$ cat coords-v9.txt   # compact mmCIF, C-alpha atoms and all ligand atoms
# COMPACT_ATOMS: atom_id res chain seq x y z
CA MET A 1012 116.13 130.90 -14.30
CA GLN A 1013 115.24 129.11 -17.52
CA THR A 1014 117.18 130.16 -20.65
CA ILE A 1015 115.13 129.79 -23.83
CA THR A 1016 116.40 130.24 -27.39
CA ASP A 1017 113.50 128.76 -29.39
CA PRO A 1018 110.48 131.06 -29.99
CA ASP A 1019 108.04 128.13 -29.78
CA VAL A 1020 109.45 127.09 -26.41
CA ALA A 1021 109.14 130.70 -25.19
CA ARG A 1022 105.50 130.77 -26.27
CA ASP A 1023 104.80 127.46 -24.50
CA TRP A 1024 106.47 128.79 -21.36
CA VAL A 1025 104.26 131.90 -21.32
CA PHE A 1026 101.11 129.88 -22.07
CA GLN A 1027 101.93 127.58 -19.15
CA GLN A 1028 102.21 130.54 -16.78
CA ARG A 1029 98.97 132.03 -18.06
CA ALA A 1030 97.19 128.65 -17.84
CA ALA A 1031 98.25 128.50 -14.19
CA GLY A 1032 96.44 131.82 -13.69
CA LYS A 1033 99.63 133.89 -13.38
CA THR A 1034 100.19 137.41 -14.66
CA VAL A 1035 103.33 137.55 -16.81
CA GLY A 1036 105.68 140.53 -17.22
CA LEU A 1037 107.80 140.84 -20.38
CA VAL A 1038 110.97 142.99 -20.31
CA PRO A 1039 112.48 143.38 -23.80
CA THR A 1040 116.14 144.46 -23.98
CA MET A 1041 119.13 144.40 -26.27
CA GLY A 1042 121.41 143.23 -23.44
CA ALA A 1043 124.52 144.94 -21.98
CA LEU A 1044 122.31 145.28 -18.95
CA HIS A 1045 122.60 148.16 -16.47
CA ASP A 1046 120.54 149.33 -13.51
CA GLY A 1047 117.96 150.93 -15.84
CA HIS A 1048 117.12 147.51 -17.26
CA LEU A 1049 117.18 145.95 -13.81
CA SER A 1050 114.72 148.51 -12.47
CA LEU A 1051 112.26 147.42 -15.20
CA VAL A 1052 112.82 143.81 -14.16
CA GLN A 1053 112.27 144.71 -10.49
CA THR A 1054 109.01 146.52 -11.34
CA SER A 1055 107.85 143.49 -13.32
CA ARG A 1056 108.74 141.21 -10.40
CA LYS A 1057 106.64 143.41 -8.08
CA GLN A 1058 103.64 143.74 -10.42
CA CYS A 1059 103.52 140.29 -12.01
CA ASP A 1060 103.59 136.68 -10.84
CA ALA A 1061 106.19 135.64 -13.43
CA THR A 1062 108.80 137.63 -15.39
CA ILE A 1063 110.45 136.87 -18.72
CA ALA A 1064 113.24 139.11 -20.00
CA THR A 1065 114.44 139.07 -23.60
CA ILE A 1066 117.89 139.81 -24.96
CA PHE A 1067 118.03 140.36 -28.70
CA ILE A 1068 120.07 142.88 -30.69
CA ASN A 1069 117.54 143.56 -33.40
CA PRO A 1070 119.29 144.22 -36.73
CA THR A 1071 116.27 145.78 -38.44
CA GLN A 1072 116.29 148.84 -36.16
CA PHE A 1073 119.90 149.73 -37.06
CA ALA A 1074 120.83 151.62 -40.24
CA PRO A 1075 123.82 150.17 -42.15
CA THR A 1076 125.92 153.12 -40.91
CA GLU A 1077 125.05 152.53 -37.23
CA ASP A 1078 126.69 150.48 -34.48
CA LEU A 1079 125.09 147.03 -34.89
CA ASP A 1080 128.47 145.29 -35.20
CA LYS A 1081 130.07 146.99 -32.22
CA TYR A 1082 126.96 147.01 -29.98
CA PRO A 1083 128.14 145.57 -26.62
CA ARG A 1084 127.50 141.85 -26.19
CA THR A 1085 127.79 140.67 -22.57
CA LEU A 1086 125.45 137.69 -22.48
CA LYS A 1087 127.08 135.77 -19.64
CA GLU A 1088 127.07 138.77 -17.25
CA ASP A 1089 123.54 139.71 -18.39
CA CYS A 1090 122.19 136.26 -17.51
CA GLU A 1091 123.94 136.37 -14.13
CA ARG A 1092 122.37 139.76 -13.39
CA LEU A 1093 118.89 138.56 -14.41
CA ALA A 1094 119.26 135.42 -12.30
CA GLY A 1095 120.34 137.66 -9.41
CA GLU A 1096 117.02 139.49 -9.76
CA SER A 1097 115.14 136.14 -9.66
CA VAL A 1098 113.83 136.51 -13.20
CA ASP A 1099 111.96 133.32 -14.13
CA ALA A 1100 113.02 133.02 -17.78
CA VAL A 1101 115.21 134.76 -20.34
CA PHE A 1102 114.55 134.51 -24.06
CA VAL A 1103 117.75 134.82 -26.10
CA PRO A 1104 116.96 133.96 -29.72
CA GLU A 1105 119.46 133.84 -32.55
CA THR A 1106 118.89 136.28 -35.39
CA LYS A 1107 117.95 133.50 -37.80
CA ALA A 1108 115.23 132.31 -35.41
CA MET A 1109 113.62 135.79 -35.43
CA TYR A 1110 114.22 136.60 -39.09
CA THR A 1111 113.77 133.32 -40.92
CA ASP A 1112 114.55 132.95 -44.63
CA HIS A 1113 112.19 135.03 -46.79
CA PHE A 1114 111.06 137.19 -43.85
CA SER A 1115 109.24 140.15 -45.41
CA THR A 1116 106.45 141.39 -43.12
CA TYR A 1117 107.06 144.70 -41.30
CA VAL A 1118 104.94 146.95 -39.10
CA ASP A 1119 104.32 150.41 -40.57
CA PRO A 1120 104.85 152.47 -37.40
CA PRO A 1121 102.29 154.99 -36.13
CA GLN A 1122 102.24 158.75 -36.71
CA VAL A 1123 104.15 159.50 -33.50
CA ALA A 1124 107.17 157.70 -35.02
CA HIS A 1125 107.57 160.22 -37.83
CA SER A 1126 109.28 163.12 -36.03
CA LEU A 1127 112.57 163.41 -34.09
CA GLU A 1128 114.17 159.92 -33.98
CA GLY A 1129 112.04 159.05 -37.01
CA VAL A 1130 113.76 161.82 -38.97
CA CYS A 1131 117.30 161.08 -37.72
CA ARG A 1132 116.92 157.29 -37.96
CA PRO A 1133 114.35 156.83 -40.77
CA GLU A 1134 113.94 153.02 -40.62
CA HIS A 1135 114.46 152.71 -36.87
CA PHE A 1136 110.87 152.57 -35.60
CA ARG A 1137 109.80 150.23 -38.39
CA GLY A 1138 112.37 147.80 -36.99
CA VAL A 1139 111.41 148.47 -33.37
CA ALA A 1140 107.67 148.11 -33.97
CA THR A 1141 108.21 144.91 -35.94
CA ILE A 1142 110.42 143.23 -33.36
CA VAL A 1143 108.28 144.36 -30.42
CA LEU A 1144 105.13 143.01 -32.06
CA LYS A 1145 106.98 139.75 -32.78
CA LEU A 1146 108.05 139.54 -29.12
CA PHE A 1147 104.44 140.18 -28.05
CA GLN A 1148 103.33 137.31 -30.33
CA ILE A 1149 106.03 134.97 -29.06
CA ALA A 1150 105.54 135.92 -25.41
CA PRO A 1151 101.88 136.95 -24.97
CA ALA A 1152 102.43 138.41 -21.52
CA THR A 1153 99.85 140.36 -19.52
CA HIS A 1154 102.25 143.32 -19.02
CA ALA A 1155 105.31 144.65 -20.87
CA PHE A 1156 107.84 147.07 -19.38
CA PHE A 1157 109.65 149.84 -21.27
CA GLY A 1158 111.87 152.68 -20.06
CA GLN A 1159 110.94 156.36 -20.31
CA LYS A 1160 114.54 157.01 -21.37
CA ASP A 1161 113.49 155.93 -24.86
CA TYR A 1162 110.47 158.23 -24.64
CA GLN A 1163 109.45 158.27 -28.31
CA GLN A 1164 109.86 154.48 -28.50
CA LEU A 1165 107.45 154.16 -25.56
CA GLN A 1166 104.87 156.37 -27.33
CA VAL A 1167 105.31 154.38 -30.56
CA ILE A 1168 104.71 151.10 -28.72
CA ARG A 1169 101.69 152.51 -26.86
CA ALA A 1170 100.15 153.70 -30.15
CA MET A 1171 100.87 150.38 -31.87
CA VAL A 1172 99.27 148.41 -29.02
CA ARG A 1173 96.21 150.68 -29.14
CA ASP A 1174 95.90 150.66 -32.94
CA LEU A 1175 96.43 146.92 -33.40
CA ASN A 1176 94.39 145.80 -30.35
CA VAL A 1177 97.30 144.05 -28.67
CA GLY A 1178 96.08 142.77 -25.29
CA ILE A 1179 99.20 143.64 -23.31
CA GLN A 1180 99.36 146.41 -20.74
CA ILE A 1181 102.33 148.71 -21.36
CA VAL A 1182 104.07 149.90 -18.19
CA ALA A 1183 106.61 152.75 -18.26
CA GLY A 1184 109.65 152.71 -15.98
CA GLU A 1185 111.32 155.94 -14.85
CA THR A 1186 114.77 156.80 -16.23
CA ILE A 1187 117.53 155.55 -13.97
CA ARG A 1188 120.53 157.89 -13.83
CA GLU A 1189 124.15 157.83 -12.73
CA PRO A 1190 124.73 159.80 -9.49
CA ASP A 1191 125.72 162.90 -11.53
CA GLY A 1192 122.55 162.76 -13.65
CA LEU A 1193 123.66 161.01 -16.87
CA ALA A 1194 120.91 158.66 -18.01
CA MET A 1195 122.11 155.06 -17.93
CA SER A 1196 122.51 153.60 -21.40
CA SER A 1197 124.29 150.61 -22.84
CA ARG A 1198 126.05 153.03 -25.19
CA ASN A 1199 127.62 154.96 -22.29
CA ARG A 1200 130.40 152.39 -22.32
CA TYR A 1201 131.56 153.83 -25.67
CA LEU A 1202 132.38 157.19 -24.02
CA SER A 1203 135.98 158.29 -23.44
CA VAL A 1204 136.78 160.16 -20.20
CA ASP A 1205 136.40 163.46 -22.07
CA ASP A 1206 133.14 162.34 -23.73
CA ARG A 1207 131.77 161.24 -20.38
CA ARG A 1208 132.30 164.75 -18.95
CA ARG A 1209 130.65 166.35 -21.96
CA ALA A 1210 127.76 163.88 -21.93
CA LEU A 1211 126.66 165.49 -18.67
CA LEU A 1212 125.61 168.57 -20.65
CA ILE A 1213 122.56 166.58 -21.81
CA SER A 1214 120.92 165.97 -18.42
CA ARG A 1215 122.00 169.45 -17.27
CA SER A 1216 120.32 171.07 -20.29
CA LEU A 1217 117.11 169.18 -19.57
CA GLN A 1218 117.29 170.28 -15.95
CA LEU A 1219 117.86 173.87 -17.09
CA ALA A 1220 114.73 173.74 -19.26
CA THR A 1221 112.55 172.39 -16.44
CA ASP A 1222 114.01 174.95 -14.01
CA LEU A 1223 113.21 177.75 -16.46
CA TYR A 1224 109.66 176.44 -16.80
CA HIS A 1225 109.25 176.41 -13.03
CA THR A 1226 110.42 180.01 -12.79
CA GLY A 1227 107.52 180.97 -15.11
CA GLU A 1228 108.86 180.64 -18.67
CA LYS A 1229 106.15 178.92 -20.73
CA ARG A 1230 107.46 179.52 -24.27
CA ALA A 1231 108.79 176.28 -25.77
CA ALA A 1232 111.15 178.18 -28.10
CA VAL A 1233 112.88 179.91 -25.17
CA LEU A 1234 113.39 176.60 -23.36
CA GLN A 1235 114.71 175.02 -26.55
CA ASP A 1236 117.13 177.85 -27.15
CA ALA A 1237 118.42 177.60 -23.56
CA MET A 1238 119.04 173.86 -23.99
CA GLN A 1239 120.81 174.34 -27.30
CA GLN A 1240 123.06 177.10 -25.95
CA HIS A 1241 123.96 174.98 -22.92
CA LEU A 1242 124.73 171.94 -25.07
CA LEU A 1243 127.06 174.10 -27.14
CA GLY A 1244 128.81 175.48 -24.05
CA ARG A 1245 127.38 178.99 -24.25
CA PRO A 1246 126.06 179.92 -20.79
CA ALA A 1247 123.02 182.18 -20.59
CA ASP A 1248 124.77 184.73 -18.35
CA ARG A 1249 127.27 185.42 -21.20
CA SER A 1250 130.20 184.64 -18.92
CA GLU A 1251 133.20 183.23 -20.69
CA ALA A 1252 132.06 180.25 -22.72
CA THR A 1253 132.83 176.97 -21.03
CA PRO A 1254 135.05 174.72 -23.13
CA LEU A 1255 132.57 171.88 -22.75
CA SER A 1256 130.28 171.23 -25.70
CA VAL A 1257 128.63 168.27 -27.40
CA ASP A 1258 129.75 167.57 -30.97
CA LYS A 1259 126.40 167.72 -32.74
CA ILE A 1260 122.80 168.38 -31.75
CA ASP A 1261 120.31 166.21 -33.64
CA TYR A 1262 117.49 167.89 -31.76
CA ALA A 1263 116.81 169.67 -28.48
CA VAL A 1264 113.09 170.39 -28.35
CA VAL A 1265 110.10 170.88 -26.09
CA VAL A 1266 107.00 169.23 -27.60
CA ASP A 1267 103.58 167.88 -26.63
CA ALA A 1268 104.17 164.85 -24.38
CA GLU A 1269 101.68 162.60 -26.16
CA THR A 1270 101.82 163.49 -29.85
CA LEU A 1271 105.40 164.85 -29.86
CA GLN A 1272 104.10 167.68 -32.05
CA GLU A 1273 105.60 171.18 -31.80
CA ILE A 1274 103.96 173.62 -29.38
CA ASP A 1275 104.30 177.37 -28.85
CA THR A 1276 103.29 177.59 -25.20
CA ILE A 1277 103.34 174.93 -22.51
CA ASN A 1278 99.68 174.59 -21.48
CA GLN A 1279 99.61 170.84 -20.99
CA THR A 1280 102.17 168.17 -20.16
CA ALA A 1281 105.18 168.60 -22.42
CA VAL A 1282 108.47 166.78 -22.79
CA ALA A 1283 111.94 168.13 -23.37
CA LEU A 1284 113.88 165.73 -25.59
CA ILE A 1285 117.53 165.78 -26.63
CA ALA A 1286 119.57 163.70 -29.06
CA THR A 1287 123.24 164.53 -29.53
CA MET A 1288 126.52 163.14 -30.72
CA VAL A 1289 129.25 163.11 -28.08
CA GLY A 1290 132.38 161.92 -29.83
CA ASN A 1291 131.18 159.01 -31.95
CA THR A 1292 128.37 158.13 -29.55
CA ARG A 1293 124.75 159.10 -30.09
CA LEU A 1294 122.95 159.71 -26.79
CA ILE A 1295 119.29 160.51 -26.07
CA ASP A 1296 117.53 161.70 -22.93
CA ASN A 1297 114.37 163.54 -21.93
CA ARG A 1298 112.41 165.06 -19.06
CA LEU A 1299 108.69 165.53 -18.64
CA ILE A 1300 107.41 169.03 -17.91
CA VAL A 1301 104.22 168.42 -15.97
CA VAL A 1302 101.82 171.39 -15.92
N1 LIG B 1401 118.40 154.55 -17.90
C1 LIG B 1401 117.33 153.81 -18.09
N2 LIG B 1401 116.33 153.81 -17.19
C2 LIG B 1401 115.22 153.07 -17.39
N3 LIG B 1401 115.02 152.28 -18.47
C3 LIG B 1401 115.99 152.24 -19.40
C4 LIG B 1401 117.19 153.00 -19.25
N4 LIG B 1401 117.96 152.75 -20.34
C5 LIG B 1401 117.28 151.89 -21.11
N5 LIG B 1401 116.10 151.57 -20.55
C6 LIG B 1401 115.07 150.73 -21.12
O1 LIG B 1401 115.52 149.40 -21.23
C7 LIG B 1401 114.87 148.77 -22.34
C8 LIG B 1401 115.93 148.17 -23.20
O2 LIG B 1401 116.71 149.21 -23.76
P1 LIG B 1401 118.10 148.99 -24.44
O3 LIG B 1401 118.51 147.56 -24.30
O4 LIG B 1401 118.11 149.62 -25.78
O5 LIG B 1401 119.06 149.80 -23.46
P2 LIG B 1401 119.71 151.18 -23.62
O6 LIG B 1401 120.58 151.37 -22.47
O7 LIG B 1401 118.65 152.18 -23.95
O8 LIG B 1401 120.62 150.97 -24.86
P3 LIG B 1401 121.06 152.00 -25.92
O9 LIG B 1401 122.36 152.50 -25.44
O10 LIG B 1401 121.10 151.09 -27.10
O11 LIG B 1401 120.02 153.06 -26.09
C9 LIG B 1401 114.08 149.86 -23.07
O12 LIG B 1401 112.73 149.77 -22.65
C10 LIG B 1401 114.74 151.11 -22.55
O13 LIG B 1401 113.88 152.23 -22.57
C1 LIG B 1402 112.54 147.62 -27.37
C2 LIG B 1402 113.80 147.03 -27.95
C3 LIG B 1402 114.29 145.88 -27.07
C4 LIG B 1402 113.46 146.44 -29.32
O1 LIG B 1402 114.59 145.89 -29.93
C5 LIG B 1402 114.90 148.09 -28.13
O2 LIG B 1402 114.52 149.08 -29.01
C6 LIG B 1402 115.38 148.65 -26.82
O3 LIG B 1402 116.19 147.95 -26.22
O4 LIG B 1402 114.94 149.73 -26.40
N1 LIG B 1403 117.29 151.95 -26.91
C1 LIG B 1403 116.85 151.99 -28.29
C2 LIG B 1403 117.60 151.02 -29.09
C3 LIG B 1403 118.38 151.61 -30.20
O1 LIG B 1403 118.96 152.70 -30.03
O2 LIG B 1403 118.45 151.01 -31.26
$ encode --input "coords-v9.txt" --output "structure tokens"
Amino acid sequence: MQTITDPDVARDWVFQQRAAGKTVGLVPTMGALHDGHLSLVQTSRKQCDATIATIFINPTQFAPTEDLDKYPRTLKEDCERLAGESVDAVFVPETKAMYTDHFSTYVDPPQVAHSLEGVCRPEHFRGVATIVLKLFQIAPATHAFFGQKDYQQLQVIRAMVRDLNVGIQIVAGETIREPDGLAMSSRNRYLSVDDRRRALLISRSLQLATDLYHTGEKRAAVLQDAMQQHLLGRPADRSEATPLSVDKIDYAVVVDAETLQEIDTINQTAVALIATMVGNTRLIDNRLIVV
């Protein structure tokens, strides 16, 4: 596996692959790799002739109050894991190579970025769209792989690629979960033993919403209420409240799966999305509700 730090060298590497007639898969990450990332890499390896992963903790998508400084950095282990998956190249730029002096051009993210995460993290998708477009320019792959766990991010990137005529096919990877259902996330390593137990309320609430839908409940508001009550440890059967609860709900909604706009009744594919604080850790997860 070739390790590349210089953007120009990364571009040359991708051009060489493309000139040789190969399809190239790009897998952008912020490192601290887990099996969710590796499943994207494995899909790229199956679908493309060559795969390049990127590891870059992008400062512009973090607010000053967020966890940029403490975000886990495990570069050596990450590279070993990528090499173990037979990835062809990894691009690991330094911040100053991506944001050179006087950098001032940002992508104004699409409409789908404005709700949910866009409300809770106002500058986040501006930073994500900017760095992803930069990565697409540096590594003009044929395909790029993103996880459904970051569902709104995936929709933002799809809209950006459509709106700005980027010639890269976006491929979504399913959410990889721990055996008990918790979505894998680099931030899971922040969780204490107690947080880890309470974090399970997120995937269970999403499961509850989809179960309710499958028993015939089509009203988004009822599904949302059920998720919120479960997250707060208030079971629907009014039995004694369980002591388990998340610390704060940023949102727990059922919305249109493409636009992420509010809906009254589920008549077409919808998505249940949750963002919560568990201890000091902000976790997100979602589940599609396919009609
Ligand atoms: N559990 C997962 N299953 C599938 N893909 C995932 C999973 N977690 C993250 N990804 C995807 O991996 C890519 C890189 O994500 P990132 O490095 O931010 O990891 P993360 O675990 O989501 O980290 P964070 O804790 O910061 O949210 C993104 O496309 C993301 O959607
Ligand atoms: C897409 C991404 C690598 C951009 O920094 C990041 O938002 C992530 O890891 O999901
Ligand atoms: N997985 C999205 C990256 C972030 O939370 O900043």
$ closest_residue --input "coords-v9.txt" --among "A:Val1233, A:Val1264, A:Val1098, A:Ile1295" --to "ligand LIG 1402 (chain B)" --atoms "only C-alpha atoms and all ligand atoms"
A:Ile1295
$ residues_around --input "coords-v9.txt" --residues "range 1168-1184 of chain A" --least-positions-apart "4" --cutoff "9 Å" --atoms "all atoms listed in the file" --output "number ranges by chain"
A: 1047, 1050-1051, 1054-1055, 1118, 1120-1123, 1139-1140, 1143-1144, 1147, 1151-1160, 1163-1164
$ residues_near_ligand --input "coords-v9.txt" --ligand "ligand LIG 1402 (chain B)" --cutoff "7 Å" --atoms "all atoms listed in the file" --output "PyMOL selection string"
chain A and resi 1039-1041+1067-1069+1139+1142-1143+1161
$ closest_residue --input "coords-v9.txt" --among "A:Asp1267, A:Asp1060, A:Glu1128, A:Asp1112" --to "ligand LIG 1401 (chain B)" --atoms "all atoms listed in the file"
A:Glu1128
$ atom_distance --input "coords-v9.txt" --atom1 "CA of Asp1019 in chain A" --atom2 "CA of Thr1111 in chain A"
13.6 Å
$ atom_distance --input "coords-v9.txt" --atom1 "CA of Gly1036 in chain A" --atom2 "CA of Ile1066 in chain A"
14.5 Å
$ decode --input "coords-v9.txt" --residues "range 1055-1067 of chain A" --atoms "C-alpha atoms" --output "JSON list (two decimals), in the first residue's frame"
[["chain", "number", "residue", "atom", "x", "y", "z"],
["A", 1055, "SER", "CA", -14.77, -0.48, -3.13],
["A", 1056, "ARG", "CA", -12.33, -3.37, -3.56],
["A", 1057, "LYS", "CA", -15.16, -5.50, -5.01],
["A", 1058, "GLN", "CA", -16.57, -2.81, -7.31],
["A", 1059, "CYS", "CA", -13.40, -1.05, -8.47],
["A", 1060, "ASP", "CA", -10.02, -2.05, -9.89],
["A", 1061, "ALA", "CA", -8.08, 0.22, -7.52],
["A", 1062, "THR", "CA", -8.96, 1.72, -4.12],
["A", 1063, "ILE", "CA", -7.63, 4.84, -2.41],
["A", 1064, "ALA", "CA", -8.67, 5.64, 1.16],
["A", 1065, "THR", "CA", -8.18, 9.05, 2.74],
["A", 1066, "ILE", "CA", -7.58, 9.90, 6.38],
["A", 1067, "PHE", "CA", -8.02, 13.57, 7.23]]
